[in-house]
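Peer 1: My structure is in protein.csv, and what it holds is CSV, C-alpha atoms:
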chain,number,residue,atom,x,y,z
A,290,MET,CA,49.7,-9.8,-9.8
A,291,LEU,CA,48.1,-6.4,-9.1
A,292,ALA,CA,46.8,-6.2,-12.7
A,293,LYS,CA,45.2,-9.7,-12.4
A,294,HIS,CA,43.6,-8.8,-9.1
A,295,LEU,CA,42.1,-5.6,-10.5
A,296,LEU,CA,40.8,-7.5,-13.6
A,297,ARG,CA,39.1,-10.1,-11.4
A,298,LEU,CA,37.6,-7.3,-9.2
A,299,ASN,CA,36.2,-5.5,-12.3
A,300,ALA,CA,34.7,-8.7,-13.6
A,301,SER,CA,33.1,-9.4,-10.2
A,302,LEU,CA,31.6,-5.9,-10.1
A,303,SER,CA,30.3,-6.2,-13.6
A,304,VAL,CA,28.5,-9.4,-12.7
A,305,LYS,CA,27.0,-7.9,-9.6
A,306,GLN,CA,25.8,-4.8,-11.5
A,307,SER,CA,24.2,-6.9,-14.2
A,308,LEU,CA,22.4,-8.9,-11.5
A,309,LEU,CA,21.2,-5.8,-9.6
A,310,LYS,CA,20.2,-3.7,-12.7
A,311,PRO,CA,16.8,-5.3,-13.3
A,312,THR,CA,15.9,-4.9,-9.6
A,313,LEU,CA,17.0,-1.3,-9.4
A,314,ALA,CA,15.2,-0.4,-12.6
A,315,ARG,CA,12.0,-1.9,-11.4
A,316,SER,CA,12.1,-0.5,-7.9
A,317,PHE,CA,13.1,3.1,-8.8
A,318,ALA,CA,10.4,3.3,-11.5
A,319,SER,CA,7.2,5.1,-10.5
A,320,SER,CA,5.0,2.3,-11.8
A,321,PRO,CA,5.2,-0.7,-14.1
A,322,ALA,CA,4.3,0.7,-17.5
A,323,SER,CA,3.3,-2.6,-19.0
A,324,HIS,CA,0.4,-3.2,-16.5
A,325,HIS,CA,-3.2,-2.7,-17.7
A,326,PHE,CA,-5.5,-2.4,-14.8
A,327,GLN,CA,-8.5,-4.9,-14.7
A,328,GLU,CA,-11.4,-5.0,-12.3
A,329,LYS,CA,-11.9,-8.4,-10.6
A,330,ASP,CA,-15.6,-7.9,-9.9
A,331,ASP,CA,-18.5,-6.9,-12.3
A,332,LEU,CA,-19.9,-4.5,-9.7
A,333,HIS,CA,-16.7,-2.4,-9.8
A,334,LYS,CA,-16.6,-2.0,-13.5
A,335,GLY,CA,-17.5,1.5,-14.8
A,336,ASP,CA,-17.2,4.8,-12.9
A,337,HIS,CA,-17.8,4.7,-9.2
A,338,TYR,CA,-17.0,6.4,-5.9
A,339,THR,CA,-17.1,5.4,-2.3
A,340,PRO,CA,-16.0,6.6,1.2
A,341,VAL,CA,-12.7,5.1,2.4
A,342,PRO,CA,-13.4,3.3,5.7
A,343,GLY,CA,-11.1,3.1,8.7
A,344,ARG,CA,-9.0,6.2,8.0
A,345,SER,CA,-8.3,9.4,9.9
A,346,LEU,CA,-6.7,12.7,8.9
A,347,LEU,CA,-4.0,14.7,10.6
A,348,GLU,CA,-2.8,18.2,9.6
A,349,LEU,CA,0.9,19.2,9.9
A,350,GLU,CA,1.9,22.9,9.4
A,351,GLY,CA,5.0,25.0,9.9
A,352,PRO,CA,8.1,26.1,8.1
A,353,GLU,CA,10.0,22.9,9.1
A,354,THR,CA,7.2,20.4,8.3
A,355,ALA,CA,8.8,18.9,5.1
A,356,LYS,CA,12.2,18.5,6.8
A,357,PHE,CA,10.6,17.0,9.8
A,358,LEU,CA,8.6,14.4,7.8
A,359,GLN,CA,11.6,13.6,5.6
A,360,GLY,CA,13.5,12.1,8.5
A,361,LEU,CA,10.6,9.9,9.7
A,362,MET,CA,9.1,8.1,6.7
A,363,THR,CA,10.1,6.0,3.7
A,364,ASN,CA,9.3,8.3,0.7
A,365,HIS,CA,11.0,11.6,-0.5
A,366,MET,CA,9.3,14.9,0.6
A,367,PRO,CA,10.9,17.0,-2.2
A,368,LYS,CA,8.6,15.1,-4.6
A,369,ILE,CA,5.5,16.8,-3.0
A,370,SER,CA,6.8,19.9,-1.2
A,371,PRO,CA,6.1,22.2,-4.1
A,372,GLY,CA,2.4,21.0,-4.2
A,373,GLY,CA,0.4,18.7,-6.5
A,374,ASP,CA,-0.4,15.1,-5.8
A,375,GLY,CA,0.4,13.4,-2.6
A,376,PHE,CA,2.2,10.1,-2.2
A,377,TYR,CA,2.2,6.8,-0.2
A,378,ALA,CA,4.7,6.2,2.6
A,379,ALA,CA,5.3,4.2,5.7
A,380,PHE,CA,6.5,5.2,9.2
A,381,LEU,CA,8.8,2.6,10.7
A,382,THR,CA,10.4,1.6,14.0
A,383,PRO,CA,14.2,2.2,14.4
A,384,PRO,CA,14.8,-1.5,13.6
A,385,GLY,CA,12.8,-1.1,10.4
A,386,ARG,CA,9.4,-2.7,11.2
A,387,MET,CA,6.1,-1.2,10.2
A,388,LEU,CA,4.3,1.3,12.4
A,389,TYR,CA,1.8,3.2,10.2
A,390,ASP,CA,0.8,3.1,6.5
A,391,THR,CA,0.0,6.6,5.3
A,392,PHE,CA,-0.8,8.9,2.4
A,393,ILE,CA,0.7,12.4,2.7
A,394,TYR,CA,-0.9,15.2,0.7
A,395,PRO,CA,0.2,18.8,0.2
A,396,VAL,CA,-2.6,21.3,0.8
A,397,ASN,CA,-2.9,22.9,-2.7
A,398,VAL,CA,-4.9,25.9,-1.5
A,399,GLY,CA,-4.4,29.1,0.5
A,400,VAL,CA,-3.3,32.7,0.3
A,401,ASN,CA,0.4,31.8,0.7
A,402,PHE,CA,0.4,28.6,-1.4
A,403,PRO,CA,2.8,26.9,-1.8
A,404,HIS,CA,3.3,26.7,1.9
A,405,PRO,CA,4.5,23.9,4.3
A,406,LYS,CA,1.1,22.5,5.1
A,407,PHE,CA,0.3,18.8,4.7
A,408,ILE,CA,-2.5,16.3,5.6
A,409,ILE,CA,-1.7,12.8,6.5
A,410,ASP,CA,-4.2,10.0,5.9
A,411,CYS,CA,-3.6,7.3,8.5
A,412,PRO,CA,-5.4,4.3,10.0
A,413,SER,CA,-8.1,5.3,12.5
A,414,ALA,CA,-7.2,2.3,14.8
A,415,THR,CA,-3.8,3.7,15.4
A,416,LYS,CA,-4.4,7.4,15.2
A,417,ALA,CA,-3.8,8.2,18.9
A,418,THR,CA,-0.4,6.3,18.9
A,419,PHE,CA,0.5,8.0,15.6
A,420,LEU,CA,-0.1,11.4,17.1
A,421,ARG,CA,2.1,10.5,20.1
A,422,HIS,CA,4.8,9.2,17.7
A,423,LEU,CA,4.9,12.5,15.7
A,424,LYS,CA,4.9,14.6,18.9
A,425,ARG,CA,7.8,12.6,20.3
A,426,TYR,CA,10.0,13.6,17.4
A,427,ILE,CA,8.9,17.3,17.0
A,428,LEU,CA,11.0,18.5,20.0
A,429,ARG,CA,11.9,22.1,19.0
A,430,ALA,CA,11.0,21.8,15.3
A,431,LYS,CA,8.7,24.5,14.0
A,432,VAL,CA,5.8,22.1,13.3
A,433,LYS,CA,2.2,22.0,14.6
A,434,VAL,CA,0.1,18.8,14.4
A,435,ARG,CA,-3.6,18.4,15.0
A,436,ASP,CA,-6.4,16.0,14.3
A,437,CYS,CA,-8.6,17.3,11.5
A,438,SER,CA,-10.7,14.2,10.8
A,439,GLU,CA,-14.0,15.9,11.5
A,440,GLU,CA,-13.2,18.7,9.0
A,441,TYR,CA,-12.7,16.5,6.0
A,442,LYS,CA,-14.0,13.3,4.4
A,443,LEU,CA,-11.9,10.8,2.4
A,444,TRP,CA,-13.2,9.4,-0.9
A,445,HIS,CA,-12.0,6.9,-3.4
A,446,ILE,CA,-13.0,7.5,-7.1
A,447,TRP,CA,-12.3,5.2,-10.0
A,448,GLY,CA,-13.4,4.3,-13.5
A,449,PRO,CA,-12.6,4.9,-17.2
A,450,ALA,CA,-13.6,8.6,-17.0
A,451,LEU,CA,-10.5,9.2,-14.8
A,452,ASN,CA,-8.2,8.1,-17.6
A,453,LYS,CA,-9.5,11.0,-19.7
A,454,GLU,CA,-8.3,13.6,-17.2
A,455,ASP,CA,-5.0,14.6,-15.8
A,456,PRO,CA,-5.4,15.7,-12.2
A,457,ALA,CA,-1.7,15.5,-11.3
A,458,LEU,CA,-1.3,19.3,-11.7
A,459,VAL,CA,-1.0,22.1,-9.1
A,460,LYS,CA,-3.4,24.4,-10.8
A,461,LYS,CA,-6.8,24.3,-9.1
A,462,GLU,CA,-8.9,24.4,-12.3
A,463,LYS,CA,-7.0,21.3,-13.5
A,464,ARG,CA,-7.4,19.1,-10.3
A,465,PHE,CA,-10.2,16.9,-9.1
A,466,SER,CA,-9.6,18.3,-5.5
A,467,ASP,CA,-7.3,20.6,-3.7
A,468,ILE,CA,-6.0,17.7,-1.5
A,469,GLY,CA,-5.6,14.2,-2.9
A,470,CYS,CA,-3.7,12.0,-5.4
A,471,MET,CA,-4.0,9.4,-8.0
A,472,ASP,CA,-3.5,6.2,-5.9
A,473,PRO,CA,0.2,5.4,-6.5
A,474,ARG,CA,0.0,1.8,-5.3
A,475,ILE,CA,-1.4,0.4,-8.5
A,476,PRO,CA,-1.6,2.3,-11.8
A,477,GLY,CA,-5.3,2.7,-12.6
A,478,PHE,CA,-6.6,1.9,-9.2
A,479,GLY,CA,-8.3,5.3,-8.8
A,480,TYR,CA,-8.1,8.7,-7.2
A,481,ARG,CA,-8.0,9.4,-3.5
A,482,ALA,CA,-9.7,12.7,-2.6
A,483,VAL,CA,-9.7,14.6,0.7
A,484,LEU,CA,-12.7,16.9,0.6
A,485,PRO,CA,-14.2,19.4,3.2
A,486,ALA,CA,-16.8,17.5,5.2
A,487,ASP,CA,-19.6,19.8,3.9
A,488,GLN,CA,-18.6,19.5,0.2
A,489,ASP,CA,-20.6,17.2,-2.0
A,490,VAL,CA,-18.3,14.7,-3.8
A,491,GLN,CA,-20.4,15.1,-6.9
A,492,HIS,CA,-18.7,18.5,-7.4
A,493,VAL,CA,-15.3,17.0,-8.1
A,494,LEU,CA,-16.3,14.1,-10.3
A,495,PRO,CA,-15.3,14.3,-14.0
A,496,THR,CA,-18.3,15.4,-16.1
A,497,SER,CA,-17.3,12.9,-18.8
A,498,GLY,CA,-18.3,9.9,-16.6
A,499,GLN,CA,-21.6,8.4,-15.3
A,500,PHE,CA,-20.5,7.9,-11.7
A,501,GLU,CA,-22.4,5.7,-9.3
A,502,ALA,CA,-22.0,5.5,-5.5
A,503,LEU,CA,-21.1,2.2,-3.8
A,504,ASN,CA,-20.9,1.5,0.0
A,505,GLU,CA,-17.6,1.6,1.8
A,506,ASP,CA,-17.4,-2.2,2.0
A,507,GLU,CA,-16.8,-2.2,-1.8
A,508,TYR,CA,-13.6,-0.3,-1.3
A,509,THR,CA,-12.4,-3.0,1.0
A,510,ILE,CA,-13.5,-5.8,-1.4
A,511,ARG,CA,-11.8,-4.1,-4.4
A,512,ARG,CA,-8.5,-3.5,-2.7
A,513,MET,CA,-8.4,-7.1,-1.3
A,514,LEU,CA,-9.1,-8.6,-4.7
A,515,GLN,CA,-6.1,-6.5,-6.1
A,516,GLY,CA,-3.9,-7.5,-3.1
A,517,LEU,CA,-3.5,-4.1,-1.4
A,518,PRO,CA,-2.8,-4.2,2.3
A,519,GLU,CA,-4.1,-1.3,4.5
A,520,GLY,CA,-4.3,-0.6,8.2
A,521,PRO,CA,-2.9,-2.5,11.2
A,522,ASP,CA,-4.8,-5.8,10.5
A,523,ASP,CA,-2.8,-6.2,7.3
A,524,LEU,CA,0.4,-4.3,8.2
A,525,TRP,CA,1.1,-5.4,11.8
A,526,PRO,CA,2.7,-2.6,13.9
A,527,GLU,CA,6.3,-3.5,15.1
A,528,VAL,CA,6.1,-6.9,13.3
A,529,SER,CA,5.6,-6.4,9.5
A,530,LEU,CA,8.5,-5.5,7.2
A,531,PRO,CA,7.9,-2.9,4.5
A,532,LEU,CA,9.2,-5.0,1.6
A,533,GLU,CA,7.3,-8.1,2.7
A,534,SER,CA,4.3,-5.8,2.7
A,535,ASN,CA,5.0,-4.8,-0.9
A,536,PHE,CA,5.9,-1.1,-0.2
A,537,ASP,CA,8.6,-1.4,-2.9
A,538,TYR,CA,6.0,-2.6,-5.4
A,539,MET,CA,3.4,0.0,-4.3
A,540,ASN,CA,5.8,3.0,-4.7
A,541,GLY,CA,5.9,3.6,-1.0
A,542,VAL,CA,9.7,3.6,-0.6
A,543,ASP,CA,12.3,5.9,-2.2
A,544,PHE,CA,15.6,3.9,-2.1
A,545,ARG,CA,17.7,6.9,-3.1
A,546,LYS,CA,16.7,9.3,-0.2
A,547,GLY,CA,18.9,10.0,2.8
A,548,CYS,CA,18.5,8.8,6.3
A,549,TYR,CA,15.2,8.2,8.0
A,550,VAL,CA,14.0,6.1,11.0
A,551,GLY,CA,14.2,2.4,10.0
A,552,GLN,CA,16.2,2.9,6.8
A,553,GLU,CA,19.1,0.5,7.5
A,554,LEU,CA,17.2,-2.8,7.4
A,555,THR,CA,15.0,-1.7,4.5
A,556,ILE,CA,17.9,-0.7,2.3
A,557,ARG,CA,19.9,-3.8,3.2
A,558,THR,CA,17.0,-6.1,2.4
A,559,PHE,CA,16.5,-4.2,-0.9
A,560,HIS,CA,20.1,-4.5,-2.0
A,561,THR,CA,20.4,-8.2,-1.1
A,562,GLY,CA,17.4,-8.8,-3.3
A,563,VAL,CA,16.1,-11.5,-0.9
A,564,VAL,CA,12.4,-11.2,0.1
A,565,ARG,CA,11.0,-14.7,0.8
A,566,LYS,CA,7.5,-13.7,1.9
A,567,ARG,CA,5.0,-11.2,0.6
A,568,ILE,CA,1.4,-10.2,1.1
A,569,VAL,CA,-0.9,-11.7,-1.5
A,570,PRO,CA,-4.7,-11.9,-2.1
A,571,ILE,CA,-6.4,-15.2,-1.0
A,572,GLN,CA,-9.8,-16.8,-1.4
A,573,LEU,CA,-11.4,-19.2,1.0
A,574,TYR,CA,-13.3,-22.4,0.1
A,575,ASN,CA,-14.5,-25.6,1.8
A,576,LYS,CA,-12.3,-28.7,2.0
A,577,ASP,CA,-15.0,-30.6,0.0
A,578,GLU,CA,-14.9,-28.0,-2.8
A,579,GLY,CA,-12.4,-27.7,-5.6
A,580,SER,CA,-9.8,-24.9,-5.5
A,581,PRO,CA,-10.9,-21.8,-7.3
A,582,SER,CA,-9.1,-21.0,-10.5
A,583,VAL,CA,-10.0,-17.3,-10.6
A,584,GLN,CA,-10.9,-14.8,-7.8
A,585,LYS,CA,-14.5,-14.3,-7.1
A,586,VAL,CA,-16.1,-12.6,-4.1
A,587,ASP,CA,-19.2,-14.2,-2.5
A,588,ARG,CA,-21.0,-11.4,-0.7
A,589,ASN,CA,-23.2,-13.9,1.1
A,590,ALA,CA,-20.2,-15.5,2.8
A,591,VAL,CA,-18.9,-14.4,6.2
A,592,TRP,CA,-15.2,-14.2,7.0
A,593,PRO,CA,-14.6,-16.8,9.8
A,594,SER,CA,-13.9,-15.2,13.1
A,595,VAL,CA,-11.2,-17.8,13.9
A,596,LEU,CA,-9.0,-16.4,11.1
A,597,GLU,CA,-7.6,-13.5,13.1
A,598,PRO,CA,-4.7,-11.4,11.8
A,599,GLN,CA,-1.4,-13.1,12.4
A,600,SER,CA,-3.0,-16.6,12.8
A,601,ASP,CA,-1.0,-19.3,11.1
A,602,ILE,CA,-1.4,-20.9,7.7
A,603,LYS,CA,-0.1,-24.4,7.1
A,604,LEU,CA,0.1,-26.9,4.2
A,605,VAL,CA,-2.7,-29.5,4.2
A,606,ASP,CA,-0.3,-32.4,3.6
A,607,GLY,CA,2.8,-30.7,4.9
A,608,THR,CA,5.3,-32.2,7.3
A,609,SER,CA,7.5,-29.2,7.7
A,610,LYS,CA,7.3,-27.4,11.1
A,611,ARG,CA,8.1,-24.1,9.4
A,612,GLY,CA,4.9,-22.0,8.8
A,613,VAL,CA,4.0,-21.1,5.3
A,614,GLY,CA,2.2,-17.9,6.1
A,615,LYS,CA,-0.1,-15.9,8.3
A,616,PHE,CA,-3.6,-14.4,7.7
A,617,CYS,CA,-4.1,-10.7,7.5
A,618,SER,CA,-7.7,-9.3,7.3
A,619,GLY,CA,-10.6,-10.5,5.2
A,620,ILE,CA,-14.2,-9.8,4.2
A,621,HIS,CA,-16.7,-12.4,2.9
A,622,ASN,CA,-14.7,-15.2,1.3
A,623,ILE,CA,-11.6,-13.1,0.3
A,624,GLY,CA,-8.7,-11.6,2.2
A,625,LEU,CA,-5.0,-11.1,2.3
A,626,ALA,CA,-2.2,-13.2,3.7
A,627,LEU,CA,1.6,-13.0,4.2
A,628,MET,CA,2.8,-16.1,2.3
A,629,ARG,CA,6.1,-17.7,1.5
A,630,LEU,CA,6.6,-17.2,-2.2
A,631,GLU,CA,8.1,-20.6,-2.8
A,632,HIS,CA,4.7,-22.1,-1.9
A,633,ILE,CA,2.5,-19.6,-3.8
A,634,GLN,CA,4.1,-20.5,-7.2
A,635,ASN,CA,3.2,-24.2,-6.8
A,636,ASP,CA,-0.4,-24.8,-7.8
A,637,GLU,CA,-0.4,-28.3,-6.5
A,638,LYS,CA,-0.2,-27.3,-2.9
A,639,SER,CA,-3.2,-26.8,-0.6
A,640,PHE,CA,-3.4,-24.6,2.4
A,641,THR,CA,-5.5,-24.5,5.5
A,642,SER,CA,-5.7,-22.7,8.9
A,643,VAL,CA,-4.2,-24.2,12.0
A,644,LYS,CA,-7.3,-23.1,13.9
A,645,ASP,CA,-9.9,-24.8,11.5
A,646,GLU,CA,-8.7,-27.4,9.1
A,647,SER,CA,-12.1,-27.5,7.3
A,648,ILE,CA,-11.1,-24.2,5.7
A,649,ARG,CA,-9.0,-24.1,2.6
A,650,LEU,CA,-7.5,-21.1,1.0
A,651,ARG,CA,-6.0,-20.4,-2.4
A,652,PRO,CA,-3.4,-17.6,-2.8
A,653,PHE,CA,-3.1,-15.6,-6.0
A,654,LEU,CA,-0.3,-13.7,-7.5
A,655,PRO,CA,-1.4,-10.1,-8.2
A,656,GLU,CA,-1.5,-9.3,-11.9
A,657,TRP,CA,0.1,-5.9,-11.3
A,658,TRP,CA,3.3,-7.5,-10.2
A,659,THR,CA,5.6,-7.5,-13.2
A,660,GLU,CA,7.7,-10.5,-14.4
A,661,GLU,CA,10.8,-8.9,-13.0
A,662,GLN,CA,9.2,-8.8,-9.5
A,663,LEU,CA,8.4,-12.5,-9.4
Could you render the structure as structure tokens?
Peer 2:
Amino acid sequence: MLAKHLLRLNASLSVKQSLLKPTLARSFASSPASHHFQEKDDLHKGDHYTPVPGRSLLELEGPETAKFLQGLMTNHMPKISPGGDGFYAAFLTPPGRMLYDTFIYPVNVGVNFPHPKFIIDCPSATKATFLRHLKRYILRAKVKVRDCSEEYKLWHIWGPALNKEDPALVKKEKRFSDIGCMDPRIPGFGYRAVLPADQDVQHVLPTSGQFEALNEDEYTIRRMLQGLPEGPDDLWPEVSLPLESNFDYMNGVDFRKGCYVGQELTIRTFHTGVVRKRIVPIQLYNKDEGSPSVQKVDRNAVWPSVLEPQSDIKLVDGTSKRGVGKFCSGIHNIGLALMRLEHIQNDEKSFTSVKDESIRLRPFLPEWWTEEQL
């Protein structure tokens, strides 16, 4: 009897491992290797740079900085403690809800480099509460934190010329900037550079490219076309969940690291493999128009003021009382929304706002999601 029981147990474990294996392989990988990045708008093709709007910068320094941050956010500090590129990470509430979406960069410069000094790129709208959040946990830790937003400027750089270079190195002569990283959320999306406020961005651009400046709205348009949430209008503090917000797809969570604030729900959701809602790009159109088949931004359009973040989305012909999604932020005729996946994969369904039923919206599945992720 014992032998039969062990045989059944081993068979059950084998089935579970075979089911989990594709998910684990996908989520632990640094990026989906099969994805070839494509621009969604002609204006964004080629080599460009733009300021990143709506972000602030905080400096953390001290011998216990890496250990301090390791216990507070979703990524793994040993990846960046020796220097080099920064990474993407979220700070969560103890129950595992979103608080702040951040990039954390090691400062690759200084007499004593490498030394425990980091800059955190965070939403400007929640900078004050983020500072209080950090100071609440510092206690006696040997960490100093300060706002350095006036000392630096944040830039986003992208284009074919970047692919000819390899900035992911510690050596100064091989990097685009002393502080920054290749944006890890989507392979090919670009480079995020933190430069001194008095430094001209032209000095860090690869000489192999013909770079043109674009205004900061184009950064917002470009990330929304690709389906990248950013800031509290997309990632609602104390409401959004990191996996529904695609942090697992955007390389913002390390599922193998030790304990951190909010880990329990995040890990449990990951291992159950059940995420029913995710943030996706959307495009608005009028109820008298046909549903768009491809994404296209209309820069003459104005995002309707009634479509506030967290306002409800419903089916046009639906009878179910259960909501199908909620709006995030938007610009012109494009934006982001948290949608139930079962509805997104059905092209025959039409969606509207509960606040204005003359508005229609079409959700799109991002091309950088791999087949294993759908």
Peer 1: Could you list, as a ChimeraX atom specification, every residue within 8 Å of His325 of chain A, counting all atoms listed in the file and ignoring same-chain residues fewer than 2 positions away?
Peer 2: /A:323,327,476-477,657
Peer 1: Go through A:Val586, A:Ile556, A:Ile602, A:Ile408 and flag the residue nearest Gly624 of chain A, using all atoms listed in the file for the distances.
Peer 2: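 Of all the options, A:Val586 lies closest to Gly624 of chain A.
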Peer 1: What's the 10 Å shell around Ile427 of chain A, counting all atoms listed in the file, without same-chain residues fewer than 3 positions away, as a ChimeraX atom specification?
Peer 2: /A:353-354,357-358,422-424,430-434
Peer 1: May I have the residues within 8 Å of Phe407 of chain A as a VMD selection string, using all atoms listed in the file and disregarding those fewer than 3 positions away in the same chain?
Peer 2: chain A and resid 348 to 350 354 393 to 396
Peer 1: Please save C-alpha atoms of the selected residues as a PDB file, in the coordinates of the input.
Peer 2:
ATOM      1  CA  GLU A 348      -2.800  18.200   9.600  1.00  0.00           C
ATOM      2  CA  LEU A 349       0.900  19.200   9.900  1.00  0.00           C
ATOM      3  CA  GLU A 350       1.900  22.900   9.400  1.00  0.00           C
ATOM      4  CA  THR A 354       7.200  20.400   8.300  1.00  0.00           C
ATOM      5  CA  ILE A 393       0.700  12.400   2.700  1.00  0.00           C
ATOM      6  CA  TYR A 394      -0.900  15.200   0.700  1.00  0.00           C
ATOM      7  CA  PRO A 395       0.200  18.800   0.200  1.00  0.00           C
ATOM      8  CA  VAL A 396      -2.600  21.300   0.800  1.00  0.00           C
TER       9      VAL A 396
END
Peer 1: Nearest residue to Asn540 of chain A out of A:Thr339, A:Gln572, A:Ser345, A:Asn364, using only C-alpha atoms?
Peer 2: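 Nearest candidate to Asn540 of chain A out of A:Thr339, A:Gln572, A:Ser345, A:Asn364: A:Asn364.
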Peer 1: I'd like the contact shell of segment 573-582 of chain A - 7 Å cut-off, only C-alpha atoms, skipping same-chain residues fewer than 4 positions apart - returned as a ChimeraX atom specification.
Peer 2: /A:622-623,647-651
Peer 1: Find the spatial neighbours of Asp522 of chain A, counting all atoms listed in the file, within a cut-off of 9 Å - ignore same-chain residues fewer than 4 positions away - and output them as a ChimeraX atom specification.
Peer 2: /A:518,526,597-599,617-618
Peer 1: Counting all atoms listed in the file, find the residues whose atoms lie at most 8 Å from (-12.6, 2.0, 4.9) (file coordinates) and write them out as a PyMOL selection string.
Peer 2: chain A and resi 340-344+505-506+508-509
Peer 1: Report the distance between atom CA of Gly619 of chain A and atom CA of Gly479 of chain A in Å, rounded to one decimal place.
Peer 2: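 Atom CA of Gly479 of chain A lies 21.2 Å from atom CA of Gly619 of chain A.
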Peer 1: Restricting the calculation to all atoms listed in the file, which member of A:Tyr426, A:Tyr538, A:Trp658, A:Phe616 is positioned closest to Tyr377 of chain A?
Peer 2: A:Tyr538
Peer 1: Rounded to one decimal in Å, what is the spacing between atom CA of Tyr338 of chain A and atom CA of Asp410 of chain A?
Peer 2: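 Separating atom CA of Tyr338 of chain A from atom CA of Asp410 of chain A is a distance of 17.8 Å.
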Peer 1: Find the residue from A:Gln634, A:Asn397, A:Ser413, A:Ser438 that sits nearest to Arg464 of chain A; use all atoms listed in the file when measuring.
Peer 2: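 Closest residue, counting all atoms listed in the file: A:Asn397.
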Peer 1: Using all atoms listed in the file for the distances, tell me which of A:Ala482, A:Val493, A:Ala355, A:Leu532 is nearest to Gly385 of chain A.
Peer 2: A:Leu532
Peer 1: Write segment 522-527 of chain A as a tab-separated table (two decimals), in the frame of the given file, completed to all heavy atoms.
Peer 2:
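Now in rebuild00.tsv:
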chain	number	residue	atom	x	y	z
A	522	ASP	N	-4.44	-4.36	10.66
A	522	ASP	CA	-4.80	-5.80	10.50
A	522	ASP	C	-4.01	-6.44	9.39
A	522	ASP	O	-3.86	-7.67	9.37
A	522	ASP	CB	-6.28	-5.97	10.33
A	522	ASP	CG	-7.08	-5.72	11.60
A	522	ASP	OD1	-6.47	-5.72	12.69
A	522	ASP	OD2	-8.31	-5.51	11.51
A	523	ASP	N	-3.56	-5.65	8.44
A	523	ASP	CA	-2.80	-6.20	7.30
A	523	ASP	C	-1.28	-5.89	7.50
A	523	ASP	O	-0.44	-6.70	7.13
A	523	ASP	CB	-3.22	-5.54	6.00
A	523	ASP	CG	-4.66	-5.88	5.63
A	523	ASP	OD1	-5.14	-6.95	6.04
A	523	ASP	OD2	-5.31	-5.07	4.94
A	524	LEU	N	-0.98	-4.71	8.05
A	524	LEU	CA	0.40	-4.30	8.20
A	524	LEU	C	0.63	-4.15	9.74
A	524	LEU	O	0.36	-3.13	10.35
A	524	LEU	CB	0.59	-2.91	7.54
A	524	LEU	CG	0.22	-2.92	6.04
A	524	LEU	CD1	0.06	-1.51	5.50
A	524	LEU	CD2	1.27	-3.68	5.24
A	525	TRP	N	1.10	-5.23	10.33
A	525	TRP	CA	1.10	-5.40	11.80
A	525	TRP	C	2.18	-4.49	12.42
A	525	TRP	O	3.38	-4.63	12.14
A	525	TRP	CB	1.36	-6.84	12.15
A	525	TRP	CG	0.48	-7.78	11.36
A	525	TRP	CD1	-0.86	-7.62	11.12
A	525	TRP	CD2	0.88	-8.97	10.70
A	525	TRP	NE1	-1.33	-8.67	10.35
A	525	TRP	CE2	-0.28	-9.51	10.08
A	525	TRP	CE3	2.08	-9.66	10.56
A	525	TRP	CZ2	-0.26	-10.69	9.33
A	525	TRP	CZ3	2.11	-10.83	9.83
A	525	TRP	CH2	0.96	-11.34	9.23
A	526	PRO	N	1.77	-3.56	13.29
A	526	PRO	CA	2.70	-2.60	13.90
A	526	PRO	C	3.82	-3.38	14.69
A	526	PRO	O	3.54	-4.31	15.45
A	526	PRO	CB	1.85	-1.81	14.87
A	526	PRO	CG	0.49	-1.86	14.25
A	526	PRO	CD	0.37	-3.23	13.65
A	527	GLU	N	5.07	-2.97	14.43
A	527	GLU	CA	6.30	-3.50	15.10
A	527	GLU	C	6.55	-4.95	14.72
A	527	GLU	O	7.41	-5.59	15.34
A	527	GLU	CB	6.20	-3.33	16.60
A	527	GLU	CG	6.06	-1.88	17.04
A	527	GLU	CD	6.15	-1.71	18.55
A	527	GLU	OE1	7.12	-2.23	19.14
A	527	GLU	OE2	5.27	-1.06	19.12
